[in-house]
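Input: a single structure, listed below in structure tokens.
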Amino acid sequence: MVIASTNPPNLASDTTTRCTPDEYRAMEETAEERHEYCNGEIIAMPGGSPAHSRIAVDTTTFLNVALRDTNFQTYNGDLRIWIPSFNHGTYPDVMVIDGEPEFNGSRTDEILNPLLIVEVLSPSTEAYDRGECEYLLVSQAEPYIEQYHNLDRPSGDRWQWQVYDGIERAIVLHTLNIELPMSEVYRRISL
């Protein structure tokens with residue numbers, strides 16, 4: 001997933017096509033695989049691995065249960081985030097919003113107000129998965145998570161970067177005021 005870059009790398013030489021946002025959305029409604037959109041380019045997203053899927057499901061489950069009596073809502077990778085300032089649409093593995101989703105116009109498949117984004121890193125996308133809100137980058141190869149947290153919202157001028165390694169650690173999710181144990185993220189993963 002790309003949020004802060006306007007020039008994502010080609011994942012393969014034949015995976016990028018130029019089009020308008022409306023052409024992209026029409027294509028995505030019937031596509032059998034997912035694509036990201038970045039300022040005119042359509043980028044085919046590679047398939048996941050069993051570890052990638054398991055980590056995303058367990059993280060979604062934990063957050064959904066932990067936040068069930070709050071105003072926060074957890075979503076899986078079925079909904080797209082649209083970032084108007086970058087003319088970009090992307091599918092996070094997990095996202096959390098505060099309150100009701102803010103949709104992009106009349107679209108009900110594009111969210112504008114993510115508060116937390118969780119992206120499980122894939123070998124082909126790890127180099128460019130970075131973001132603008134509280135953001136977790138989760139390794140599927142080892143118990144290792146990078147957290148980016150905006151200390152100066154809404155200007156976005158100051159960021160804190162924290163690395164969590166080791167299954168016994170817990171991540172403080174500042175935007176949600178909860179802790180996410182690494183053991184929950186890697187609950188059923190053989191490392």
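In the structure tokens, the first chain shown is A, the next is B, and so on; residue numbers restart at 1 for each chain, and ligands run from 1 in the order shown.
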- [ ] Using DSSP on the backbone coordinates, identify the residues of chain A assigned to alpha helix (DSSP H); present them as JSON, numbers by chain.
- [x] {"A": [21, 22, 23, 24, 25, 26, 27, 28, 29, 30, 50, 51, 52, 53, 54, 55, 56, 57, 58, 59, 60, 61, 62, 63, 64, 65, 66, 182, 183, 184, 185]}
Those selected residues, please, written with N, CA, C and O atoms and delivered as a compact mmCIF listing (two decimals), in the first residue's frame.
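The resulting part-v1.txt:
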```txt
# COMPACT_ATOMS: atom_id res chain seq x y z
N PRO A 21 -9.48 8.17 -12.64
CA PRO A 21 -10.03 7.53 -11.44
C PRO A 21 -11.35 6.81 -11.73
O PRO A 21 -11.58 5.71 -11.21
N ASP A 22 -12.22 7.40 -12.54
CA ASP A 22 -13.50 6.75 -12.84
C ASP A 22 -13.31 5.47 -13.65
O ASP A 22 -14.02 4.47 -13.43
N GLU A 23 -12.36 5.46 -14.59
CA GLU A 23 -12.07 4.24 -15.34
C GLU A 23 -11.53 3.16 -14.41
O GLU A 23 -11.90 1.99 -14.50
N TYR A 24 -10.67 3.56 -13.50
CA TYR A 24 -10.12 2.63 -12.51
C TYR A 24 -11.23 2.02 -11.66
O TYR A 24 -11.31 0.81 -11.47
N ARG A 25 -12.11 2.87 -11.15
CA ARG A 25 -13.18 2.38 -10.28
C ARG A 25 -14.10 1.42 -11.02
O ARG A 25 -14.52 0.41 -10.47
N ALA A 26 -14.43 1.72 -12.27
CA ALA A 26 -15.28 0.83 -13.06
C ALA A 26 -14.59 -0.52 -13.26
O ALA A 26 -15.22 -1.57 -13.15
N MET A 27 -13.31 -0.50 -13.54
CA MET A 27 -12.56 -1.74 -13.73
C MET A 27 -12.50 -2.54 -12.43
O MET A 27 -12.70 -3.75 -12.41
N GLU A 28 -12.27 -1.85 -11.32
CA GLU A 28 -12.10 -2.52 -10.04
C GLU A 28 -13.38 -3.20 -9.56
O GLU A 28 -13.33 -4.20 -8.85
N GLU A 29 -14.53 -2.66 -9.96
CA GLU A 29 -15.81 -3.26 -9.55
C GLU A 29 -15.99 -4.67 -10.08
O GLU A 29 -16.71 -5.47 -9.48
N THR A 30 -15.35 -5.02 -11.20
CA THR A 30 -15.53 -6.35 -11.79
C THR A 30 -14.23 -7.15 -11.85
O THR A 30 -14.23 -8.28 -12.31
N PRO A 50 -0.09 -17.52 3.10
CA PRO A 50 -0.86 -17.94 4.28
C PRO A 50 -0.48 -17.13 5.53
O PRO A 50 -1.37 -16.76 6.30
N ALA A 51 0.78 -16.84 5.72
CA ALA A 51 1.19 -16.06 6.89
C ALA A 51 0.63 -14.64 6.81
O ALA A 51 0.14 -14.11 7.81
N HIS A 52 0.68 -14.03 5.65
CA HIS A 52 0.14 -12.68 5.44
C HIS A 52 -1.34 -12.66 5.81
O HIS A 52 -1.79 -11.80 6.58
N SER A 53 -2.10 -13.59 5.30
CA SER A 53 -3.53 -13.66 5.56
C SER A 53 -3.82 -13.90 7.05
O SER A 53 -4.69 -13.26 7.64
N ARG A 54 -3.10 -14.83 7.66
CA ARG A 54 -3.31 -15.17 9.07
C ARG A 54 -3.03 -13.96 9.96
O ARG A 54 -3.78 -13.67 10.89
N ILE A 55 -1.94 -13.25 9.70
CA ILE A 55 -1.58 -12.07 10.50
C ILE A 55 -2.66 -11.00 10.36
O ILE A 55 -3.09 -10.40 11.35
N ALA A 56 -3.13 -10.76 9.14
CA ALA A 56 -4.17 -9.76 8.91
C ALA A 56 -5.47 -10.13 9.63
O ALA A 56 -6.11 -9.29 10.26
N VAL A 57 -5.86 -11.40 9.55
CA VAL A 57 -7.10 -11.85 10.20
C VAL A 57 -6.98 -11.75 11.72
O VAL A 57 -7.89 -11.25 12.38
N ASP A 58 -5.87 -12.22 12.28
CA ASP A 58 -5.72 -12.18 13.73
C ASP A 58 -5.64 -10.74 14.25
O ASP A 58 -6.19 -10.43 15.31
N THR A 59 -4.99 -9.86 13.52
CA THR A 59 -4.92 -8.46 13.93
C THR A 59 -6.29 -7.81 13.87
O THR A 59 -6.70 -7.10 14.78
N THR A 60 -7.03 -8.09 12.79
CA THR A 60 -8.40 -7.56 12.65
C THR A 60 -9.28 -8.07 13.80
O THR A 60 -10.02 -7.30 14.40
N THR A 61 -9.18 -9.35 14.08
CA THR A 61 -9.99 -9.95 15.14
C THR A 61 -9.68 -9.31 16.49
O THR A 61 -10.59 -8.92 17.23
N PHE A 62 -8.39 -9.18 16.81
CA PHE A 62 -8.02 -8.59 18.09
C PHE A 62 -8.54 -7.16 18.20
O PHE A 62 -9.15 -6.79 19.21
N LEU A 63 -8.30 -6.34 17.18
CA LEU A 63 -8.74 -4.94 17.23
C LEU A 63 -10.26 -4.85 17.30
O LEU A 63 -10.80 -4.02 18.05
N ASN A 64 -10.97 -5.67 16.55
CA ASN A 64 -12.43 -5.64 16.57
C ASN A 64 -12.97 -5.95 17.96
O ASN A 64 -13.88 -5.27 18.45
N VAL A 65 -12.40 -6.96 18.61
CA VAL A 65 -12.85 -7.32 19.96
C VAL A 65 -12.44 -6.24 20.97
O VAL A 65 -13.24 -5.81 21.79
N ALA A 66 -11.21 -5.77 20.89
CA ALA A 66 -10.72 -4.76 21.84
C ALA A 66 -11.49 -3.45 21.74
O ALA A 66 -11.64 -2.73 22.73
N MET A 182 1.99 -8.32 20.56
CA MET A 182 2.61 -8.98 19.41
C MET A 182 2.16 -10.44 19.35
O MET A 182 1.99 -11.00 18.28
N SER A 183 1.93 -11.04 20.52
CA SER A 183 1.48 -12.44 20.54
C SER A 183 0.12 -12.61 19.88
O SER A 183 -0.19 -13.68 19.35
N GLU A 184 -0.71 -11.57 19.87
CA GLU A 184 -2.00 -11.63 19.18
C GLU A 184 -1.82 -11.49 17.67
O GLU A 184 -2.51 -12.14 16.90
N VAL A 185 -0.90 -10.65 17.26
CA VAL A 185 -0.64 -10.47 15.83
C VAL A 185 -0.11 -11.76 15.22
O VAL A 185 -0.51 -12.17 14.13
```
Open item on the list: With only C-alpha atoms as the counted atoms, please give the residues lying no more than 12 Å from range 172-180 of chain A, apart from itself and same-chain residues fewer than 6 positions off, as a PyMOL selection string.
Closed with: chain A and resi 58-68+70-74+95-99+114-118+133-136+145-151+153+160+162-164+186-187
Take the residues that were just selected and, keeping C-alpha atoms, output them as a CSV table (one decimal), in the first residue's frame.
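The resulting file, selection-v6.csv, is reproduced below:
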```csv
chain,number,residue,atom,x,y,z
A,58,ASP,CA,-5.7,-12.2,13.7
A,59,THR,CA,-4.9,-8.5,13.9
A,60,THR,CA,-8.4,-7.6,12.7
A,61,THR,CA,-10.0,-10.0,15.1
A,62,PHE,CA,-8.0,-8.6,18.1
A,63,LEU,CA,-8.7,-4.9,17.2
A,64,ASN,CA,-12.4,-5.6,16.6
A,65,VAL,CA,-12.8,-7.3,20.0
A,66,ALA,CA,-10.7,-4.8,21.8
A,67,LEU,CA,-12.7,-1.8,20.3
A,68,ARG,CA,-16.2,-3.4,20.4
A,70,THR,CA,-16.0,2.1,21.7
A,71,ASN,CA,-16.7,4.5,18.8
A,72,PHE,CA,-13.9,3.0,16.7
A,73,GLN,CA,-14.7,0.7,13.8
A,74,THR,CA,-12.4,-2.0,12.4
A,95,MET,CA,-7.9,0.0,9.1
A,96,VAL,CA,-9.7,1.6,12.0
A,97,ILE,CA,-11.8,4.7,11.9
A,98,ASP,CA,-13.3,6.9,14.6
A,99,GLY,CA,-17.1,7.0,14.3
A,114,PRO,CA,-8.7,6.1,8.4
A,115,LEU,CA,-7.2,6.6,11.9
A,116,LEU,CA,-5.0,3.5,12.0
A,117,ILE,CA,-3.7,1.5,9.1
A,118,VAL,CA,-2.1,-1.9,9.4
A,133,CYS,CA,-1.7,8.4,10.0
A,134,GLU,CA,-0.8,5.9,12.7
A,135,TYR,CA,0.5,3.1,10.7
A,136,LEU,CA,1.9,-0.4,11.4
A,145,ILE,CA,6.6,-4.4,13.6
A,146,GLU,CA,7.4,-0.8,12.7
A,147,GLN,CA,5.0,1.8,14.0
A,148,TYR,CA,4.7,5.4,12.7
A,149,HIS,CA,2.7,7.8,14.8
A,150,ASN,CA,1.9,11.4,14.0
A,151,LEU,CA,2.8,13.5,17.1
A,153,ARG,CA,-1.9,16.2,14.1
A,160,GLN,CA,7.6,9.1,15.9
A,162,GLN,CA,9.1,2.8,17.0
A,163,VAL,CA,10.3,-0.7,16.3
A,164,TYR,CA,8.8,-3.7,18.2
A,186,TYR,CA,1.4,-13.6,15.4
A,187,ARG,CA,-1.0,-15.9,17.3
```
TODO: Determine the nearest neighbour of Glu32 in chain A from the options A:Val120, A:Cys19, A:Met45, A:Val138, counting only C-alpha atoms.
DONE: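 Selected residue with least distance to Glu32 in chain A: A:Met45.
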- [ ] Measuring atom to atom with only C-alpha atoms, identify which of A:Glu100, A:Asp152, A:Pro143, A:Pro92 is nearest to Gly166 in chain A.
- [x]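 That would be A:Pro143, the residue with the smallest distance to Gly166 in chain A.
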Leaving out range 36-39 of chain A and any residue of its chain fewer than 5 positions from it, which residues lie within 6 Å of it when counting only C-alpha atoms, given as a PDB file with N, CA, C and O atoms, in the first residue's frame?
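Generated file (part-v2.pdb):
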```pdb
ATOM      1  N   ASN A  87      -4.331  11.643  -5.234  1.00  0.00           N
ATOM      2  CA  ASN A  87      -5.080  10.975  -6.298  1.00  0.00           C
ATOM      3  C   ASN A  87      -4.767   9.477  -6.266  1.00  0.00           C
ATOM      4  O   ASN A  87      -4.325   8.893  -7.240  1.00  0.00           O
ATOM      5  N   HIS A  88      -4.988   8.893  -5.085  1.00  0.00           N
ATOM      6  CA  HIS A  88      -4.518   7.532  -4.830  1.00  0.00           C
ATOM      7  C   HIS A  88      -5.579   6.697  -4.111  1.00  0.00           C
ATOM      8  O   HIS A  88      -6.186   7.156  -3.149  1.00  0.00           O
ATOM      9  N   GLY A  89      -5.772   5.478  -4.569  1.00  0.00           N
ATOM     10  CA  GLY A  89      -6.653   4.516  -3.917  1.00  0.00           C
ATOM     11  C   GLY A  89      -5.878   3.258  -3.587  1.00  0.00           C
ATOM     12  O   GLY A  89      -5.135   2.743  -4.430  1.00  0.00           O
ATOM     13  N   THR A  90      -6.041   2.759  -2.362  1.00  0.00           N
ATOM     14  CA  THR A  90      -5.283   1.598  -1.926  1.00  0.00           C
ATOM     15  C   THR A  90      -6.080   0.771  -0.926  1.00  0.00           C
ATOM     16  O   THR A  90      -6.973   1.286  -0.260  1.00  0.00           O
TER      17      THR A  90
END
```
Open item on the list: Report, in Å with one decimal, the straight-line distance from CA of Asp109 in chain A to CA of Tyr91 in chain A.
Closed with: 10.3 Å
- [ ] Kindly give the distance, in Å, that separates CA of Leu79 in chain A and CA of Ile111 in chain A, rounded to a single decimal.
- [x] 7.1 Å
